[in-house]
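The file input.pdb contains PDB, C-alpha atoms:
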ATOM      1  CA  MET A   1      23.353  19.704  28.528
ATOM      2  CA  GLU A   2      23.188  16.023  27.823
ATOM      3  CA  ALA A   3      20.795  14.090  30.002
ATOM      4  CA  HIS A   4      22.080  11.931  32.811
ATOM      5  CA  LEU A   5      23.093   8.441  31.810
ATOM      6  CA  ASN A   6      20.395   5.851  32.308
ATOM      7  CA  ALA A   7      22.431   3.939  34.887
ATOM      8  CA  PRO A   8      20.413   4.112  38.137
ATOM      9  CA  GLY A   9      21.993   6.432  40.661
ATOM     10  CA  LEU A  10      25.011   7.246  38.534
ATOM     11  CA  ARG A  11      24.936  11.011  38.060
ATOM     12  CA  ALA A  12      27.161  11.184  35.015
ATOM     13  CA  ARG A  13      27.018  13.607  32.095
ATOM     14  CA  TRP A  14      28.613  13.065  28.712
ATOM     15  CA  VAL A  15      31.242  15.523  27.588
ATOM     16  CA  GLU A  16      31.079  13.653  24.301
ATOM     17  CA  LYS A  17      28.429  10.976  23.862
ATOM     18  CA  GLY A  18      29.884   7.495  23.995
ATOM     19  CA  ALA A  19      33.449   8.720  24.657
ATOM     20  CA  LEU A  20      33.916  10.640  27.918
ATOM     21  CA  ALA A  21      31.623  11.435  30.825
ATOM     22  CA  VAL A  22      32.034  13.253  34.144
ATOM     23  CA  SER A  23      30.330  12.478  37.429
ATOM     24  CA  PRO A  24      30.444  13.066  41.161
ATOM     25  CA  MET A  25      31.706  10.215  43.322
ATOM     26  CA  PRO A  26      29.904   6.994  42.325
ATOM     27  CA  LYS A  27      28.457   4.986  45.207
ATOM     28  CA  SER A  28      29.005   1.311  45.940
ATOM     29  CA  GLU A  29      25.611   0.486  44.480
ATOM     30  CA  ASP A  30      26.610   2.201  41.216
ATOM     31  CA  VAL A  31      29.571  -0.076  40.477
ATOM     32  CA  GLU A  32      27.732  -2.623  38.332
ATOM     33  CA  SER A  33      26.098   0.074  36.210
ATOM     34  CA  MET A  34      29.330   2.061  35.991
ATOM     35  CA  LEU A  35      31.317  -0.922  34.778
ATOM     36  CA  SER A  36      28.684  -1.822  32.207
ATOM     37  CA  GLU A  37      28.884   1.689  30.727
ATOM     38  CA  PHE A  38      32.609   2.441  30.804
ATOM     39  CA  ASP A  39      35.904   0.777  29.885
ATOM     40  CA  THR A  40      38.062   3.244  31.847
ATOM     41  CA  ILE A  41      37.335   4.721  35.264
ATOM     42  CA  ILE A  42      39.416   7.737  36.265
ATOM     43  CA  SER A  43      39.278   8.663  39.942
ATOM     44  CA  LEU A  44      40.869  11.901  41.083
ATOM     45  CA  ALA A  45      39.396  11.529  44.578
ATOM     46  CA  THR A  46      41.538  10.939  47.634
ATOM     47  CA  PRO A  47      41.205   7.710  49.639
ATOM     48  CA  ILE A  48      39.371   9.541  52.420
ATOM     49  CA  GLU A  49      36.844  10.880  49.889
ATOM     50  CA  HIS A  50      36.195   7.345  48.658
ATOM     51  CA  VAL A  51      35.749   5.996  52.185
ATOM     52  CA  TYR A  52      33.818   8.695  54.008
ATOM     53  CA  SER A  53      31.517   9.758  51.178
ATOM     54  CA  GLY A  54      30.028   6.280  50.872
ATOM     55  CA  GLY A  55      31.832   5.955  47.566
ATOM     56  CA  TYR A  56      32.796   2.747  45.822
ATOM     57  CA  ASP A  57      35.952   0.781  46.551
ATOM     58  CA  PRO A  58      38.358   1.343  43.618
ATOM     59  CA  ARG A  59      39.742  -2.174  44.097
ATOM     60  CA  LEU A  60      36.419  -3.509  42.804
ATOM     61  CA  VAL A  61      37.174  -1.953  39.424
ATOM     62  CA  GLU A  62      40.623  -3.521  39.224
ATOM     63  CA  GLY A  63      39.260  -6.892  40.310
ATOM     64  CA  ILE A  64      36.804  -7.012  37.418
ATOM     65  CA  GLY A  65      39.506  -6.176  34.887
ATOM     66  CA  LYS A  66      38.401  -2.692  33.900
ATOM     67  CA  ARG A  67      41.079  -0.036  33.521
ATOM     68  CA  LEU A  68      41.297   2.071  36.665
ATOM     69  CA  VAL A  69      43.353   5.254  36.597
ATOM     70  CA  TRP A  70      43.457   6.427  40.218
ATOM     71  CA  ARG A  71      45.439   9.636  40.723
ATOM     72  CA  PRO A  72      44.362  11.235  44.046
ATOM     73  CA  ILE A  73      44.405  15.034  43.993
ATOM     74  CA  GLY A  74      43.328  17.312  46.836
ATOM     75  CA  GLU A  75      40.172  19.317  46.251
ATOM     76  CA  TYR A  76      40.709  22.635  44.422
ATOM     77  CA  ASN A  77      44.151  21.521  43.238
ATOM     78  CA  ALA A  78      45.345  20.059  39.944
ATOM     79  CA  PRO A  79      47.431  17.226  38.537
ATOM     80  CA  THR A  80      50.968  17.960  37.486
ATOM     81  CA  LEU A  81      51.533  18.466  33.776
ATOM     82  CA  ALA A  82      53.241  15.104  33.252
ATOM     83  CA  GLU A  83      50.545  13.442  35.356
ATOM     84  CA  LEU A  84      47.798  15.006  33.244
ATOM     85  CA  ALA A  85      49.516  13.691  30.114
ATOM     86  CA  TYR A  86      49.751  10.272  31.786
ATOM     87  CA  ILE A  87      46.031  10.237  32.635
ATOM     88  CA  ILE A  88      44.907  11.209  29.130
ATOM     89  CA  GLY A  89      47.246   8.619  27.642
ATOM     90  CA  LYS A  90      45.631   5.858  29.713
ATOM     91  CA  ILE A  91      42.054   6.468  28.556
ATOM     92  CA  ASP A  92      40.239   3.733  26.659
ATOM     93  CA  GLU A  93      36.828   5.007  25.598
ATOM     94  CA  PRO A  94      34.173   5.148  26.804
ATOM     95  CA  ALA A  95      35.618   6.598  29.997
ATOM     96  CA  LEU A  96      34.227   8.096  33.190
ATOM     97  CA  VAL A  97      36.209  10.694  35.139
ATOM     98  CA  HIS A  98      35.157  11.692  38.631
ATOM     99  CA  CYS A  99      36.432  13.377  41.765
ATOM    100  CA  PHE A 100      34.177  14.076  44.759
ATOM    101  CA  ARG A 101      31.795  16.695  43.361
ATOM    102  CA  GLY A 102      32.534  16.099  39.682
ATOM    103  CA  CYS A 103      33.650  19.698  39.226
ATOM    104  CA  GLY A 104      37.110  21.274  39.240
ATOM    105  CA  ARG A 105      39.426  18.268  39.207
ATOM    106  CA  SER A 106      37.239  16.226  36.856
ATOM    107  CA  SER A 107      36.652  19.224  34.600
ATOM    108  CA  THR A 108      40.412  19.704  34.282
ATOM    109  CA  VAL A 109      40.871  16.184  32.923
ATOM    110  CA  ALA A 110      37.791  16.460  30.705
ATOM    111  CA  ALA A 111      39.064  19.728  29.215
ATOM    112  CA  ALA A 112      42.503  18.181  28.632
ATOM    113  CA  TRP A 113      40.823  15.300  26.797
ATOM    114  CA  LEU A 114      39.086  17.798  24.492
ATOM    115  CA  ILE A 115      42.368  19.641  23.943
ATOM    116  CA  LYS A 116      44.152  16.426  22.952
ATOM    117  CA  LYS A 117      41.437  14.484  21.136
ATOM    118  CA  LYS A 118      39.560  17.361  19.503
ATOM    119  CA  MET A 119      42.366  19.968  19.255
ATOM    120  CA  LYS A 120      40.281  22.491  21.151
ATOM    121  CA  PRO A 121      41.938  25.663  22.504
ATOM    122  CA  ALA A 122      42.135  25.526  26.295
ATOM    123  CA  LEU A 123      39.482  28.144  27.028
ATOM    124  CA  VAL A 124      37.131  26.628  24.443
ATOM    125  CA  ALA A 125      37.609  23.216  26.042
ATOM    126  CA  GLU A 126      36.838  24.677  29.467
ATOM    127  CA  SER A 127      33.675  26.295  28.112
ATOM    128  CA  GLU A 128      32.473  23.105  26.429
ATOM    129  CA  VAL A 129      32.947  21.122  29.644
ATOM    130  CA  VAL A 130      30.848  23.666  31.563
ATOM    131  CA  THR A 131      28.124  23.519  28.907
ATOM    132  CA  ALA A 132      28.055  19.725  28.937
ATOM    133  CA  THR A 133      28.361  19.074  32.666
ATOM    134  CA  GLY A 134      27.194  22.209  34.455
ATOM    135  CA  CYS A 135      30.518  22.489  36.261
ATOM    136  CA  GLY A 136      34.019  23.519  35.271
ATOM    137  CA  VAL A 137      37.547  24.480  36.150
ATOM    138  CA  GLU A 138      37.589  26.307  39.475
ATOM    139  CA  THR A 139      41.107  27.373  40.435
ATOM    140  CA  LEU A 140      44.230  28.896  38.970
ATOM    141  CA  PRO A 141      46.360  25.702  39.181
ATOM    142  CA  GLN A 142      43.704  23.860  37.159
ATOM    143  CA  ARG A 143      43.581  26.517  34.454
ATOM    144  CA  THR A 144      47.365  26.897  34.457
ATOM    145  CA  VAL A 145      48.075  23.213  33.877
ATOM    146  CA  LEU A 146      45.567  23.248  31.016
ATOM    147  CA  GLN A 147      47.390  26.173  29.418
ATOM    148  CA  ALA A 148      50.665  24.264  29.668
ATOM    149  CA  TYR A 149      49.023  21.068  28.399
ATOM    150  CA  SER A 150      47.498  22.896  25.428
ATOM    151  CA  LEU A 151      50.895  24.296  24.457
ATOM    152  CA  ALA A 152      52.439  20.824  24.819
ATOM    153  CA  VAL A 153      49.836  19.470  22.383
ATOM    154  CA  ARG A 154      50.441  22.254  19.875
ATOM    155  CA  ALA A 155      54.207  21.831  20.147
ATOM    156  CA  GLY A 156      53.922  18.081  19.568
ATOM    157  CA  VAL A 157      55.634  17.141  22.842
ATOM    158  CA  VAL A 158      52.691  16.020  24.959
ATOM    159  CA  ASP A 159      53.038  12.291  24.252
ATOM    160  CA  SER A 160      56.579  12.196  25.626
ATOM    161  CA  LEU A 161      55.926  14.058  28.881
ATOM    162  CA  ALA A 162      54.820  11.125  31.050
ATOM    163  CA  SER A 163      57.610   8.839  29.866
ATOM    164  CA  ARG A 164      60.404  11.390  29.722
ATOM    165  CA  TYR A 165      59.820  13.209  33.000
ATOM    166  CA  ASP A 166      59.059  12.193  36.547
ATOM    167  CA  LEU A 167      55.397  12.946  37.260
ATOM    168  CA  ASP A 168      56.528  15.265  40.082
ATOM    169  CA  ASP A 169      59.041  17.229  38.000
ATOM    170  CA  PRO A 170      57.895  20.885  37.731
ATOM    171  CA  VAL A 171      60.447  21.869  35.089
ATOM    172  CA  PRO A 172      58.500  20.954  31.911
ATOM    173  CA  GLU A 173      55.397  22.794  33.097
ATOM    174  CA  TYR A 174      57.390  25.876  34.073
ATOM    175  CA  VAL A 175      59.216  25.793  30.722
ATOM    176  CA  LEU A 176      55.896  25.763  28.872
ATOM    177  CA  LEU A 177      54.320  28.505  30.992
ATOM    178  CA  LEU A 178      57.346  30.772  30.643
ATOM    179  CA  SER A 179      57.435  30.121  26.892
ATOM    180  CA  LEU A 180      53.771  31.021  26.649
ATOM    181  CA  GLU A 181      54.242  34.329  28.483
ATOM    182  CA  LEU A 182      57.593  35.447  27.085
ATOM    183  CA  SER A 183      56.901  34.668  23.425
ATOM    184  CA  GLN A 184      54.899  37.879  23.110
ATOM    185  CA  TYR A 185      58.110  39.847  23.746
ATOM    186  CA  LEU A 186      60.369  37.742  21.518
ATOM    187  CA  PRO A 187      60.586  36.949  17.770
ATOM    188  CA  ALA A 188      59.549  33.336  18.360
ATOM    189  CA  THR A 189      56.333  31.417  18.840
ATOM    190  CA  PRO A 190      55.449  29.726  22.146
ATOM    191  CA  GLU A 191      55.801  26.378  20.385
ATOM    192  CA  GLU A 192      59.316  27.203  19.185
ATOM    193  CA  LEU A 193      60.436  28.445  22.588
ATOM    194  CA  ALA A 194      58.915  25.457  24.380
ATOM    195  CA  THR A 195      60.408  22.859  22.049
ATOM    196  CA  GLU A 196      63.860  24.433  22.168
ATOM    197  CA  SER A 197      63.800  24.846  25.947
ATOM    198  CA  LEU A 198      62.703  21.273  26.595
ATOM    199  CA  GLU A 199      65.652  20.050  24.519
ATOM    200  CA  GLN A 200      68.392  22.566  25.306
ATOM    201  CA  ASP A 201      69.801  24.583  28.176
ATOM    202  CA  THR A 202      68.140  27.882  27.287
ATOM    203  CA  PRO A 203      67.493  30.896  29.557
ATOM    204  CA  ILE A 204      63.868  29.766  29.842
ATOM    205  CA  ARG A 205      64.913  26.310  30.984
ATOM    206  CA  GLU A 206      67.340  27.834  33.482
ATOM    207  CA  ALA A 207      64.563  30.047  34.899
ATOM    208  CA  ALA A 208      62.273  27.017  35.103
ATOM    209  CA  ARG A 209      64.928  25.086  37.050
ATOM    210  CA  VAL A 210      65.395  28.008  39.425
ATOM    211  CA  LEU A 211      61.659  28.030  40.118
ATOM    212  CA  ALA A 212      61.577  24.267  40.577
ATOM    213  CA  ASP A 213      64.571  24.275  42.934
ATOM    214  CA  ALA A 214      63.284  27.163  45.034
ATOM    215  CA  ALA A 215      59.524  26.589  45.049
ATOM    216  CA  GLY A 216      59.023  22.946  44.120
ATOM    217  CA  TYR A 217      55.674  22.251  42.462
ATOM    218  CA  THR A 218      53.879  25.174  44.120
ATOM    219  CA  VAL A 219      53.649  27.605  41.196
ATOM    220  CA  ALA A 220      49.943  28.066  40.547
ATOM    221  CA  GLY A 221      50.223  30.526  37.689
ATOM    222  CA  ILE A 222      52.508  32.788  35.665
ATOM    223  CA  SER A 223      51.350  35.988  33.972
ATOM    224  CA  SER A 224      53.028  39.059  32.539
ATOM    225  CA  LYS A 225      52.443  42.619  31.458
ATOM    226  CA  GLY A 226      54.499  45.402  29.909
ATOM    227  CA  ASP A 227      56.569  45.492  26.738
ATOM    228  CA  SER A 228      59.955  44.214  25.603
ATOM    229  CA  SER A 229      61.729  47.101  27.346
ATOM    230  CA  SER A 230      60.212  46.357  30.750
ATOM    231  CA  ILE A 231      58.281  43.236  31.701
ATOM    232  CA  GLU A 232      56.572  42.453  34.987
ATOM    233  CA  LEU A 233      56.399  38.692  35.432
ATOM    234  CA  GLU A 234      53.992  37.738  38.212
ATOM    235  CA  ILE A 235      54.403  34.261  39.677
ATOM    236  CA  THR A 236      51.596  33.007  41.909
ATOM    237  CA  ILE A 237      52.641  30.435  44.497
ATOM    238  CA  TRP A 238      50.144  28.337  46.450
ATOM    239  CA  VAL A 239      50.127  24.918  48.110
ATOM    240  CA  PRO A 240      52.060  22.023  46.543
ATOM    241  CA  ARG A 241      50.424  20.483  43.492
ATOM    242  CA  ARG A 242      47.909  17.742  44.327
ATOM    243  CA  SER A 243      47.644  18.852  47.982
ATOM    244  CA  HIS A 244      44.409  19.882  49.655
ATOM    245  CA  PRO A 245      44.842  23.377  51.149
ATOM    246  CA  ALA A 246      43.480  22.157  54.486
ATOM    247  CA  ALA A 247      46.373  19.694  54.715
ATOM    248  CA  ILE A 248      48.984  22.479  54.513
ATOM    249  CA  ARG A 249      49.685  24.595  57.600
ATOM    250  CA  ARG A 250      51.531  27.572  56.150
ATOM    251  CA  ALA A 251      52.597  29.230  52.921
ATOM    252  CA  PRO A 252      55.933  28.106  51.450
ATOM    253  CA  ARG A 253      58.926  29.753  53.102
ATOM    254  CA  LEU A 254      61.032  31.119  50.276
ATOM    255  CA  ASP A 255      64.025  33.381  49.963
ATOM    256  CA  THR A 256      61.985  35.716  47.804
ATOM    257  CA  ALA A 257      64.729  38.223  47.003
ATOM    258  CA  ARG A 258      67.104  35.480  45.863
ATOM    259  CA  LEU A 259      64.403  33.765  43.817
ATOM    260  CA  ARG A 260      63.390  36.983  42.085
ATOM    261  CA  ASN A 261      67.004  37.872  41.295
ATOM    262  CA  ARG A 262      67.921  34.423  39.990
ATOM    263  CA  VAL A 263      64.895  34.241  37.657
ATOM    264  CA  SER A 264      65.537  37.777  36.408
ATOM    265  CA  ARG A 265      69.230  37.025  35.769
ATOM    266  CA  ALA A 266      68.371  33.875  33.844
ATOM    267  CA  LEU A 267      65.950  35.750  31.598
ATOM    268  CA  ASP A 268      68.423  38.598  31.073
ATOM    269  CA  ARG A 269      70.141  36.260  28.605
ATOM    270  CA  LEU A 270      67.091  36.630  26.361
ATOM    271  CA  GLY A 271      67.747  40.359  26.132
ATOM    272  CA  LEU A 272      64.665  41.085  28.225
ATOM    273  CA  ARG A 273      64.404  43.275  31.276
ATOM    274  CA  VAL A 274      62.194  41.266  33.608
ATOM    275  CA  ASP A 275      60.983  42.309  37.040
ATOM    276  CA  VAL A 276      59.726  39.237  38.906
ATOM    277  CA  VAL A 277      56.821  39.704  41.311
ATOM    278  CA  LEU A 278      55.898  36.877  43.690
ATOM    279  CA  ASP A 279      52.305  36.503  44.870
ATOM    280  CA  ILE A 280      52.545  33.939  47.667
ATOM    281  CA  LYS A 281      49.129  32.707  48.812
ATOM    282  CA  ASN A 282      48.349  31.268  52.223
ATOM    283  CA  PRO A 283      46.754  27.803  52.068
ATOM    284  CA  ASP A 284      43.291  29.197  52.793
ATOM    285  CA  GLN A 285      43.599  31.785  50.005
ATOM    286  CA  VAL A 286      42.277  29.529  47.257
ATOM    287  CA  PRO A 287      43.225  31.205  43.953
ATOM    288  CA  TRP A 288      39.863  30.946  42.207
ATOM    289  CA  VAL A 289      39.790  31.643  38.488
TER     290      VAL A 289
END

What do you get writing this file as structure tokens?
Amino acid sequence: MEAHLNAPGLRARWVEKGALAVSPMPKSEDVESMLSEFDTIISLATPIEHVYSGGYDPRLVEGIGKRLVWRPIGEYNAPTLAELAYIIGKIDEPALVHCFRGCGRSSTVAAAWLIKKKMKPALVAESEVVTATGCGVETLPQRTVLQAYSLAVRAGVVDSLASRYDLDDPVPEYVLLLSLELSQYLPATPEELATESLEQDTPIREAARVLADAAGYTVAGISSKGDSSSIELEITIWVPRRSHPAAIRRAPRLDTARLRNRVSRALDRLGLRVDVVLDIKNPDQVPWV
């Protein structure tokens, strides 16, 4: 691990020296040192985390003219895919990314930065963040959005995500995740499927729209097993993206039979027999990786 930065009280660790660092919530007394070290400050902490942790006031960063990228995300959750692309696109180095503990949310952004800037595979990027910072990705939504982001980079579509799609639109992420899973049963690469389905009305795009319409941005992960003659597609559903599980009272109420049938029918057009399985988590069932 790299040593802590020399800034007094600022518990930051470099992911790459001079380019990107991760830290827990900086305190008010750390602002001067933080601003002398970094050109971009990325906060993923919620307003209540800034206030009640004794953290700094983000408005101080804006007032001094530094670039502040403040995208509040509930603990254990993840940014949306388009939002993650937006955050990475806003970074001027050297940059500091923090949440409250400097772990899951911050590690997600740090890993995405390695994926984009250093062309690291997603799992390699996750591993390098853990090695550098002592903390890493914690939950399935965080790992899932990194998988989608990595495919977007490889397919050459990542730079258009934030400008082309609303930051709350689940469809591009679901398109990429379905492309990633279904490519192993089809004579096409994930990149080919993703690019085609982002541009055209394919069965994968139709299935992604069905998921978005029925479940919103609550899909935490998509996995599959089987072979081309019979595929089990498991879709994990948790709390809405960005939300803290403690802020949600109950699991999403879905017409599960209709959702399963509509996704299966959409994917039938690919010539695949797909059995959709829904794993709907209660808010307190954090889907740890």

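Closest to Ala21 in chain A among A:Ser264, A:Ser229, A:Ser33, A:Thr133 is A:Thr133, based on only C-alpha atoms.
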
Selection in question (the file shown): the PyMOL selection byres ((chain A and resi 148-153) around 7). Which residues does it include, as number ranges by chain? A: 81, 115-116, 121-122, 144-147, 154-158, 173, 176-177, 191

For Ser28 in chain A, which residue out of A:Val109, A:Ala45, A:Leu84, A:Val51 is the nearest one, using only C-alpha atoms? A:Val51

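Those residues returned by the PyMOL selection byres ((chain A and resi 134) around 12) for this file are Met1, Glu2, Ala3, His4, Arg11, Ala12, Arg13, Trp14, Val15, Val22, Ser23, Pro24, Arg101, Gly102, Cys103, Gly104, Ser106, Ser107, Glu126, Ser127, Glu128, Val129, Val130, Thr131, Ala132, Thr133, Cys135, Gly136 and Val137 of chain A.
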
Residues at most 7 Å from range 112-114 of chain A, counting only C-alpha atoms, excluding those fewer than 3 positions away in the same chain, as a PyMOL selection string? chain A and resi 88+108-109+117-120+125+146

Neighbours of range 233-249 of chain A within 8 Å (all atoms listed in the file; same-chain residues fewer than 5 positions away dropped), as a VMD selection string? chain A and resid 72 to 80 141 215 to 225 274 to 284 286 to 287

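Atom pair CA of Arg269 in chain A / CA of Val171 in chain A has a distance of 18.5 Å (rounded to one decimal).
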
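Take CA of Pro94 in chain A and CA of Ala19 in chain A: the distance between them is 4.2 Å.
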
Of the candidates A:Gly89, A:Val61, A:Leu10, A:Ser53, which shows the shortest atom-to-atom distance to Asp159 in chain A, using only C-alpha atoms?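 That would be A:Gly89, the residue with the smallest distance to Asp159 in chain A.
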
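In this model, the gap between CA of Leu161 in chain A and CA of Ala85 in chain A comes to 6.5 Å.
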
Within 10 Å of (30.6, 1.8, 23.8), in the coordinates the file gives, what residues turn up when you count all atoms listed in the file, written out as a PyMOL selection string? chain A and resi 17-19+36-39+93-95

Would you translate the PyMOL selection byres ((chain A and resi 206) around 10) into the concrete set of residues it matches in this file, as JSON, numbers by chain? {"A": [171, 175, 197, 200, 201, 202, 203, 204, 205, 207, 208, 209, 210, 211, 212, 262, 263, 265, 266, 267]}

For Tyr52 in chain A, list every protein, DNA or RNA residue within 12 Å, evaluated using all atoms listed in the file, and leave out those in the same chain fewer than 3 positions away; present the list as a compact mmCIF listing (two decimals) with C-alpha atoms, in the coordinates of the input.
# COMPACT_ATOMS: atom_id res chain seq x y z
CA MET A 25 31.71 10.22 43.32
CA LYS A 27 28.46 4.99 45.21
CA SER A 28 29.00 1.31 45.94
CA ALA A 45 39.40 11.53 44.58
CA THR A 46 41.54 10.94 47.63
CA PRO A 47 41.20 7.71 49.64
CA ILE A 48 39.37 9.54 52.42
CA GLU A 49 36.84 10.88 49.89
CA GLY A 55 31.83 5.96 47.57
CA TYR A 56 32.80 2.75 45.82
CA ASP A 57 35.95 0.78 46.55
CA PHE A 100 34.18 14.08 44.76
